[in-house]
$ cat query.csv   # CSV, C-alpha atoms
chain,number,residue,atom,x,y,z
A,708,MET,CA,0.0,0.0,0.0
A,709,GLU,CA,1.3,3.5,-0.9
A,710,ILE,CA,0.0,6.7,0.7
A,711,THR,CA,0.8,10.0,-1.0
A,712,TRP,CA,0.0,13.5,0.4
A,713,TYR,CA,-1.2,16.3,-1.8
A,714,GLY,CA,-1.5,19.0,0.9
A,715,HIS,CA,-4.2,19.9,3.5
A,716,ALA,CA,-6.2,16.7,4.1
A,717,CYS,CA,-5.9,15.2,0.6
A,718,PHE,CA,-4.2,11.8,0.2
A,719,ARG,CA,-4.1,9.2,-2.5
A,720,ILE,CA,-4.1,5.6,-1.0
A,721,ALA,CA,-3.4,2.8,-3.5
A,722,GLU,CA,-2.8,-0.9,-3.3
A,723,ARG,CA,-2.3,-3.1,-6.4
A,724,GLY,CA,-5.4,-5.0,-7.3
A,725,LEU,CA,-7.7,-2.9,-5.1
A,726,ALA,CA,-9.7,0.3,-5.5
A,727,THR,CA,-7.7,3.5,-5.2
A,728,VAL,CA,-8.9,6.0,-2.7
A,729,VAL,CA,-8.6,9.8,-2.6
A,730,THR,CA,-9.5,11.7,0.6
A,731,ASP,CA,-10.7,15.3,0.8
A,732,PRO,CA,-9.9,16.7,-2.6
A,733,TYR,CA,-9.6,20.5,-2.4
A,734,ASN,CA,-10.4,23.5,-4.6
A,735,SER,CA,-7.0,24.9,-5.5
A,736,GLN,CA,-8.3,28.5,-5.5
A,737,GLU,CA,-9.3,28.1,-1.8
A,738,THR,CA,-6.1,26.5,-0.6
A,739,GLY,CA,-3.5,28.1,-2.8
A,740,PHE,CA,-2.1,24.8,-4.0
A,741,ALA,CA,-1.8,23.7,-7.6
A,742,PRO,CA,-4.9,22.1,-9.2
A,743,LEU,CA,-5.3,18.4,-8.5
A,744,LYS,CA,-4.6,15.9,-11.3
A,745,LEU,CA,-5.8,12.7,-9.7
A,746,LYS,CA,-7.7,9.6,-10.6
A,747,ALA,CA,-9.5,7.4,-8.1
A,748,ASP,CA,-12.1,4.7,-7.7
A,749,ILE,CA,-13.3,6.1,-4.4
A,750,VAL,CA,-13.4,9.7,-3.1
A,751,THR,CA,-14.1,10.4,0.6
A,752,VAL,CA,-15.3,13.8,1.8
A,753,SER,CA,-15.0,14.7,5.5
A,754,ARG,CA,-16.6,18.1,5.4
A,755,ASN,CA,-18.8,20.0,3.0
A,756,LEU,CA,-16.3,22.8,2.5
A,757,PRO,CA,-14.1,23.8,-0.6
A,758,GLY,CA,-10.9,22.6,1.1
A,759,HIS,CA,-12.4,19.1,1.5
A,760,ASN,CA,-15.2,18.4,-1.0
A,761,PHE,CA,-13.9,19.3,-4.5
A,762,VAL,CA,-14.8,15.9,-6.0
A,763,SER,CA,-14.8,17.3,-9.6
A,764,GLY,CA,-11.0,17.7,-9.2
A,765,VAL,CA,-10.7,13.9,-9.2
A,766,LYS,CA,-11.1,12.1,-12.5
A,767,ASN,CA,-12.5,8.6,-13.2
A,768,ASP,CA,-15.8,7.0,-12.6
A,769,THR,CA,-15.5,7.5,-8.8
A,770,TYR,CA,-17.8,6.4,-6.0
A,771,ILE,CA,-18.2,9.3,-3.6
A,772,ILE,CA,-18.5,8.7,0.1
A,773,ASP,CA,-19.8,11.8,1.9
A,774,GLY,CA,-22.1,10.3,4.5
A,775,PRO,CA,-21.9,7.8,7.3
A,776,GLY,CA,-22.2,4.0,6.7
A,777,GLU,CA,-20.3,0.9,5.7
A,778,TYR,CA,-19.1,0.5,2.2
A,779,GLU,CA,-17.3,-2.1,0.1
A,780,ILE,CA,-15.9,-1.0,-3.3
A,781,GLY,CA,-13.3,-2.8,-5.3
A,782,GLY,CA,-12.1,-4.9,-2.4
A,783,VAL,CA,-11.7,-2.0,-0.1
A,784,PHE,CA,-13.9,-1.7,3.0
A,785,ILE,CA,-14.7,1.7,4.4
A,786,THR,CA,-16.5,2.6,7.7
A,787,ALA,CA,-17.5,6.3,7.8
A,788,ILE,CA,-18.6,7.8,11.1
A,789,VAL,CA,-19.9,11.4,11.8
A,790,THR,CA,-18.0,13.2,14.5
A,791,ASN,CA,-18.0,16.8,16.0
A,792,GLY,CA,-21.4,18.4,16.0
A,793,THR,CA,-24.7,16.7,15.4
A,794,SER,CA,-25.8,19.6,13.3
A,795,ALA,CA,-24.3,21.7,10.5
A,796,ARG,CA,-23.8,24.8,12.7
A,797,SER,CA,-21.0,26.9,11.4
A,798,ASN,CA,-19.2,26.9,14.8
A,799,ASP,CA,-19.2,23.1,15.1
A,800,PRO,CA,-19.7,21.6,11.6
A,801,GLN,CA,-20.0,17.9,11.1
A,802,ASN,CA,-16.9,15.9,10.2
A,803,MET,CA,-16.8,12.4,8.8
A,804,LEU,CA,-14.0,10.1,10.0
A,805,CYS,CA,-13.2,7.2,7.6
A,806,VAL,CA,-11.5,3.9,8.5
A,807,ILE,CA,-10.3,2.4,5.3
A,808,ASP,CA,-9.5,-1.3,5.3
A,809,PHE,CA,-7.1,-2.7,2.6
A,810,GLU,CA,-7.3,-6.5,3.2
A,811,GLY,CA,-6.7,-6.1,7.0
A,812,LEU,CA,-4.4,-3.1,6.8
A,813,THR,CA,-6.3,-0.1,8.1
A,814,VAL,CA,-5.9,3.6,7.5
A,815,ALA,CA,-8.0,6.1,9.6
A,816,HIS,CA,-8.5,9.5,7.9
A,817,LEU,CA,-9.7,11.7,10.7
A,818,GLY,CA,-10.8,14.5,8.4
A,819,ALA,CA,-11.2,17.7,10.4
A,820,LEU,CA,-11.8,16.0,13.7
A,821,LYS,CA,-12.2,18.7,16.3
A,822,ARG,CA,-12.9,16.9,19.6
A,823,VAL,CA,-11.1,14.1,21.3
A,824,PRO,CA,-13.3,11.0,21.0
A,825,SER,CA,-14.3,8.9,23.9
A,826,GLN,CA,-12.7,5.6,24.7
A,827,THR,CA,-16.0,3.9,23.6
A,828,GLN,CA,-15.8,5.7,20.2
A,829,VAL,CA,-12.2,4.7,19.8
A,830,GLU,CA,-12.9,1.0,20.5
A,831,ALA,CA,-15.7,1.1,17.9
A,832,LEU,CA,-13.1,2.0,15.2
A,833,GLY,CA,-11.2,-1.3,15.7
A,834,PRO,CA,-7.4,-1.4,15.3
A,835,VAL,CA,-5.9,1.5,13.4
A,836,HIS,CA,-2.6,0.8,11.7
A,837,VAL,CA,-2.0,4.2,10.0
A,838,ALA,CA,-3.7,7.4,11.3
A,839,LEU,CA,-3.9,10.5,9.1
A,840,VAL,CA,-4.2,13.2,11.8
A,841,PRO,CA,-5.0,16.9,11.6
A,842,VAL,CA,-2.5,18.8,13.8
A,843,GLY,CA,-2.7,22.5,12.8
A,844,GLY,CA,-5.8,23.7,14.5
A,845,GLY,CA,-8.2,25.8,12.4
A,846,GLY,CA,-11.3,23.6,12.0
A,847,GLY,CA,-9.4,20.5,13.2
A,848,LEU,CA,-7.3,19.3,16.1
A,849,ASN,CA,-4.5,21.4,17.4
A,850,ALA,CA,-1.2,19.9,18.4
A,851,ALA,CA,-2.1,19.1,22.0
A,852,LYS,CA,-5.4,17.5,21.1
A,853,ALA,CA,-3.8,15.6,18.2
A,854,SER,CA,-1.3,14.1,20.6
A,855,GLU,CA,-4.1,13.1,23.0
A,856,VAL,CA,-6.1,11.4,20.1
A,857,ILE,CA,-2.9,9.5,19.0
A,858,SER,CA,-2.5,8.2,22.6
A,859,LEU,CA,-6.1,6.9,22.5
A,860,LEU,CA,-5.9,5.3,19.0
A,861,GLU,CA,-2.4,3.8,19.5
A,862,PRO,CA,-1.7,3.5,15.7
A,863,ASN,CA,1.5,2.0,14.4
A,864,ILE,CA,2.2,5.0,12.1
A,865,VAL,CA,1.0,8.6,12.4
A,866,VAL,CA,1.0,10.9,9.3
A,867,PRO,CA,0.3,14.6,10.3
A,868,MET,CA,-1.9,16.7,7.9
A,869,HIS,CA,-3.9,19.9,7.9
A,870,TYR,CA,-1.1,22.2,9.0
A,871,ALA,CA,0.6,25.3,7.5
A,872,ILE,CA,2.9,24.7,4.5
A,873,PRO,CA,4.4,27.1,2.0
A,874,GLY,CA,1.9,28.3,-0.6
A,875,SER,CA,-1.2,27.5,1.5
A,876,LYS,CA,-3.9,30.2,2.1
A,877,MET,CA,-5.2,28.3,5.1
A,878,LYS,CA,-4.5,29.8,8.5
A,879,LEU,CA,-3.1,26.9,10.4
A,880,ASP,CA,-0.3,26.2,12.9
A,881,PRO,CA,3.1,24.9,11.7
A,882,LEU,CA,4.1,21.3,11.9
A,883,SER,CA,6.9,22.1,14.4
A,884,ARG,CA,4.3,22.8,17.1
A,885,PHE,CA,3.0,19.2,16.8
A,886,LEU,CA,6.4,17.6,16.7
A,887,LYS,CA,7.4,19.5,19.9
A,888,GLU,CA,4.2,18.2,21.5
A,889,MET,CA,5.2,14.7,20.6
A,890,GLY,CA,8.7,15.2,21.9
A,891,LEU,CA,10.3,15.0,18.5
A,892,GLU,CA,12.9,17.0,16.6
A,893,LYS,CA,12.6,18.0,13.0
A,894,ILE,CA,11.7,15.0,10.7
A,895,VAL,CA,12.9,14.8,7.1
A,896,PRO,CA,9.8,14.5,4.9
A,897,GLU,CA,9.4,11.4,2.7
A,898,PRO,CA,7.8,11.4,-0.8
A,899,SER,CA,5.3,8.7,0.2
A,900,LEU,CA,4.6,6.1,2.8
A,901,LYS,CA,4.8,2.5,1.7
A,902,VAL,CA,3.5,-0.3,3.9
A,903,THR,CA,3.9,-3.9,2.7
A,904,ASN,CA,1.7,-5.7,5.3
A,905,VAL,CA,0.7,-5.6,8.9
A,906,ASN,CA,3.8,-7.5,10.0
A,907,SER,CA,6.0,-4.8,8.5
A,908,LEU,CA,4.5,-2.1,10.8
A,909,PRO,CA,6.6,-0.7,13.7
A,910,GLU,CA,5.6,-1.9,17.2
A,911,GLU,CA,5.9,1.6,18.7
A,912,THR,CA,4.0,4.5,17.3
A,913,ARG,CA,6.1,6.3,14.7
A,914,VAL,CA,5.5,9.7,13.1
A,915,VAL,CA,6.1,9.9,9.4
A,916,VAL,CA,6.1,13.3,7.7
A,917,LEU,CA,5.2,13.4,4.0
A,918,SER,CA,6.2,16.0,1.5
A,919,SER,CA,3.3,17.6,-0.3
A,920,ARG,CA,3.1,16.7,-4.0
A,921,ASN,CA,0.9,19.7,-4.9
A,922,SER,CA,2.2,22.7,-2.8

$ encode --input "query.csv" --output "structure tokens"
Amino acid sequence: MEITWYGHACFRIAERGLATVVTDPYNSQETGFAPLKLKADIVTVSRNLPGHNFVSGVKNDTYIIDGPGEYEIGGVFITAIVTNGTSARSNDPQNMLCVIDFEGLTVAHLGALKRVPSQTQVEALGPVHVALVPVGGGGGLNAAKASEVISLLEPNIVVPMHYAIPGSKMKLDPLSRFLKEMGLEKIVPEPSLKVTNVNSLPEETRVVVLSSRNS
């Protein structure tokens, strides 16, 4: 499985022989990034906002997941759960968290999660091998809350997202604030994250920083 980051909360997750997933495609005019040039079989949308719901930016005959439920497309199983507010109020908009299962290897895209979930909610997600976590505040978790959520989820790998990077118009905190919260020094970004199988995962939670392909 390969995970590539395109900035903000947008990732491409691909595994040979299975459906390709793109999360939270953004409108380039809203984010300041280059226009997306992506193809996918599945597109997930965590929030109904231009920074997360620009599905027309993804080509192909895509299946769009923008509501809660359990889905199976092209060998990929996705559980979508609504978090944050129970209404679409502007001060606490709904967020959709997705757990994406690639033949037993799970990726949790937290979207713009704003609140720390309860232990019961975390247990309902099942095991999370890779967590894509917002860390820059704004409409999502800040560094301190992100660290708390990671402690609850206990993923093998954490990939931070939704933070300030060059070229972005979004007012978010820098990655350095999250790394400091996690007790880490500067981490050299990698072009993508490749995971062979569950057995190849680190036993202790490891933070992997990805370079943005579209900033």

$ residues_around --input "query.csv" --residues "Ile807 in chain A" --least-positions-apart "2" --cutoff "6 Å" --atoms "all atoms listed in the file" --output "list in words"
Phe784, Ile785, Thr813 and Val814 of chain A

$ closest_residue --input "query.csv" --among "A:Val765, A:Ala851, A:Val915, A:Ala747" --to "Glu722 in chain A" --atoms "all atoms listed in the file"
A:Ala747

$ atom_distance --input "query.csv" --atom1 "CA of Gly846 in chain A" --atom2 "CA of Leu882 in chain A"
15.6 Å

$ residues_around --input "query.csv" --residues "Lys876 in chain A" --least-positions-apart "2" --cutoff "8 Å" --atoms "all atoms listed in the file" --output "VMD selection string"
chain A and resid 737 to 739 874 878

$ residues_around --input "query.csv" --residues "Met889 in chain A" --least-positions-apart "6" --cutoff "12 Å" --atoms "all atoms listed in the file" --output "list of chain:residue names"
A:Val842, A:Ala850, A:Ala851, A:Lys852, A:Ala853, A:Ser854, A:Glu855, A:Val856, A:Ile857, A:Ser858, A:Val865, A:Pro867, A:Leu882, A:Ser883, A:Thr912, A:Arg913, A:Val914

$ residues_near_point --input "query.csv" --point "(7.2, 9.8, -0.5)" --cutoff "10 Å" --atoms "only C-alpha atoms" --output "number ranges by chain"
A: 709-712, 896-901, 915-920

$ atom_distance --input "query.csv" --atom1 "CA of Ile894 in chain A" --atom2 "CA of Gly818 in chain A"
22.6 Å

$ atom_distance --input "query.csv" --atom1 "CA of Pro732 in chain A" --atom2 "CA of Phe885 in chain A"
23.4 Å

$ build_atoms --input "query.csv" --residues "range 833-863 of chain A" --atoms "N, CA and C atoms" --output "PDB file, keeping the file's coordinate frame"
ATOM      1  N   GLY A 833     -12.048  -0.095  15.924  1.00  0.00           N
ATOM      2  CA  GLY A 833     -11.200  -1.300  15.700  1.00  0.00           C
ATOM      3  C   GLY A 833      -9.746  -0.850  15.643  1.00  0.00           C
ATOM      4  N   PRO A 834      -8.858  -1.777  15.320  1.00  0.00           N
ATOM      5  CA  PRO A 834      -7.400  -1.400  15.300  1.00  0.00           C
ATOM      6  C   PRO A 834      -7.129  -0.469  14.119  1.00  0.00           C
ATOM      7  N   VAL A 835      -6.316   0.539  14.412  1.00  0.00           N
ATOM      8  CA  VAL A 835      -5.900   1.500  13.400  1.00  0.00           C
ATOM      9  C   VAL A 835      -4.392   1.372  13.210  1.00  0.00           C
ATOM     10  N   HIS A 836      -3.984   0.999  12.025  1.00  0.00           N
ATOM     11  CA  HIS A 836      -2.600   0.800  11.700  1.00  0.00           C
ATOM     12  C   HIS A 836      -1.881   2.109  11.333  1.00  0.00           C
ATOM     13  N   VAL A 837      -2.554   2.884  10.466  1.00  0.00           N
ATOM     14  CA  VAL A 837      -2.000   4.200  10.000  1.00  0.00           C
ATOM     15  C   VAL A 837      -3.082   5.234  10.278  1.00  0.00           C
ATOM     16  N   ALA A 838      -2.717   6.292  10.993  1.00  0.00           N
ATOM     17  CA  ALA A 838      -3.700   7.400  11.300  1.00  0.00           C
ATOM     18  C   ALA A 838      -3.202   8.649  10.582  1.00  0.00           C
ATOM     19  N   LEU A 839      -4.095   9.217   9.779  1.00  0.00           N
ATOM     20  CA  LEU A 839      -3.900  10.500   9.100  1.00  0.00           C
ATOM     21  C   LEU A 839      -4.537  11.557   9.962  1.00  0.00           C
ATOM     22  N   VAL A 840      -3.733  12.361  10.660  1.00  0.00           N
ATOM     23  CA  VAL A 840      -4.200  13.200  11.800  1.00  0.00           C
ATOM     24  C   VAL A 840      -4.062  14.674  11.522  1.00  0.00           C
ATOM     25  N   PRO A 841      -5.149  15.466  11.643  1.00  0.00           N
ATOM     26  CA  PRO A 841      -5.000  16.900  11.600  1.00  0.00           C
ATOM     27  C   PRO A 841      -4.285  17.430  12.806  1.00  0.00           C
ATOM     28  N   VAL A 842      -3.313  18.339  12.629  1.00  0.00           N
ATOM     29  CA  VAL A 842      -2.500  18.800  13.800  1.00  0.00           C
ATOM     30  C   VAL A 842      -2.387  20.308  13.860  1.00  0.00           C
ATOM     31  N   GLY A 843      -2.916  21.038  12.875  1.00  0.00           N
ATOM     32  CA  GLY A 843      -2.700  22.500  12.800  1.00  0.00           C
ATOM     33  C   GLY A 843      -3.752  23.389  13.278  1.00  0.00           C
ATOM     34  N   GLY A 844      -4.738  22.845  13.996  1.00  0.00           N
ATOM     35  CA  GLY A 844      -5.800  23.700  14.500  1.00  0.00           C
ATOM     36  C   GLY A 844      -6.758  24.109  13.384  1.00  0.00           C
ATOM     37  N   GLY A 845      -7.179  25.372  13.389  1.00  0.00           N
ATOM     38  CA  GLY A 845      -8.200  25.800  12.400  1.00  0.00           C
ATOM     39  C   GLY A 845      -9.486  25.088  12.734  1.00  0.00           C
ATOM     40  N   GLY A 846     -10.037  24.374  11.758  1.00  0.00           N
ATOM     41  CA  GLY A 846     -11.300  23.600  12.000  1.00  0.00           C
ATOM     42  C   GLY A 846     -11.010  22.224  12.529  1.00  0.00           C
ATOM     43  N   GLY A 847      -9.735  21.845  12.751  1.00  0.00           N
ATOM     44  CA  GLY A 847      -9.400  20.500  13.200  1.00  0.00           C
ATOM     45  C   GLY A 847      -8.625  20.528  14.521  1.00  0.00           C
ATOM     46  N   LEU A 848      -8.076  19.401  14.878  1.00  0.00           N
ATOM     47  CA  LEU A 848      -7.300  19.300  16.100  1.00  0.00           C
ATOM     48  C   LEU A 848      -6.081  20.160  16.120  1.00  0.00           C
ATOM     49  N   ASN A 849      -5.782  20.736  17.287  1.00  0.00           N
ATOM     50  CA  ASN A 849      -4.500  21.400  17.400  1.00  0.00           C
ATOM     51  C   ASN A 849      -3.461  20.391  17.894  1.00  0.00           C
ATOM     52  N   ALA A 850      -2.236  20.820  18.078  1.00  0.00           N
ATOM     53  CA  ALA A 850      -1.200  19.900  18.400  1.00  0.00           C
ATOM     54  C   ALA A 850      -1.415  19.105  19.666  1.00  0.00           C
ATOM     55  N   ALA A 851      -1.883  19.778  20.724  1.00  0.00           N
ATOM     56  CA  ALA A 851      -2.100  19.100  22.000  1.00  0.00           C
ATOM     57  C   ALA A 851      -3.217  18.059  21.894  1.00  0.00           C
ATOM     58  N   LYS A 852      -4.312  18.420  21.245  1.00  0.00           N
ATOM     59  CA  LYS A 852      -5.400  17.500  21.100  1.00  0.00           C
ATOM     60  C   LYS A 852      -5.055  16.324  20.166  1.00  0.00           C
ATOM     61  N   ALA A 853      -4.272  16.630  19.140  1.00  0.00           N
ATOM     62  CA  ALA A 853      -3.800  15.600  18.200  1.00  0.00           C
ATOM     63  C   ALA A 853      -3.003  14.548  18.976  1.00  0.00           C
ATOM     64  N   SER A 854      -2.130  15.003  19.848  1.00  0.00           N
ATOM     65  CA  SER A 854      -1.300  14.100  20.600  1.00  0.00           C
ATOM     66  C   SER A 854      -2.177  13.216  21.539  1.00  0.00           C
ATOM     67  N   GLU A 855      -3.229  13.814  22.083  1.00  0.00           N
ATOM     68  CA  GLU A 855      -4.100  13.100  23.000  1.00  0.00           C
ATOM     69  C   GLU A 855      -4.900  11.996  22.165  1.00  0.00           C
ATOM     70  N   VAL A 856      -5.349  12.350  20.965  1.00  0.00           N
ATOM     71  CA  VAL A 856      -6.100  11.400  20.100  1.00  0.00           C
ATOM     72  C   VAL A 856      -5.149  10.232  19.717  1.00  0.00           C
ATOM     73  N   ILE A 857      -3.898  10.550  19.408  1.00  0.00           N
ATOM     74  CA  ILE A 857      -2.900   9.500  19.000  1.00  0.00           C
ATOM     75  C   ILE A 857      -2.721   8.531  20.192  1.00  0.00           C
ATOM     76  N   SER A 858      -2.683   9.058  21.411  1.00  0.00           N
ATOM     77  CA  SER A 858      -2.500   8.200  22.600  1.00  0.00           C
ATOM     78  C   SER A 858      -3.697   7.241  22.739  1.00  0.00           C
ATOM     79  N   LEU A 859      -4.889   7.709  22.364  1.00  0.00           N
ATOM     80  CA  LEU A 859      -6.100   6.900  22.500  1.00  0.00           C
ATOM     81  C   LEU A 859      -6.116   5.823  21.338  1.00  0.00           C
ATOM     82  N   LEU A 860      -5.782   6.234  20.123  1.00  0.00           N
ATOM     83  CA  LEU A 860      -5.900   5.300  19.000  1.00  0.00           C
ATOM     84  C   LEU A 860      -4.741   4.293  18.969  1.00  0.00           C
ATOM     85  N   GLU A 861      -3.575   4.691  19.467  1.00  0.00           N
ATOM     86  CA  GLU A 861      -2.400   3.800  19.500  1.00  0.00           C
ATOM     87  C   GLU A 861      -2.094   3.228  18.100  1.00  0.00           C
ATOM     88  N   PRO A 862      -2.003   4.066  17.071  1.00  0.00           N
ATOM     89  CA  PRO A 862      -1.700   3.500  15.700  1.00  0.00           C
ATOM     90  C   PRO A 862      -0.212   3.175  15.638  1.00  0.00           C
ATOM     91  N   ASN A 863       0.116   2.360  14.646  1.00  0.00           N
ATOM     92  CA  ASN A 863       1.500   2.000  14.400  1.00  0.00           C
ATOM     93  C   ASN A 863       2.256   3.202  13.769  1.00  0.00           C
TER      94      ASN A 863
END
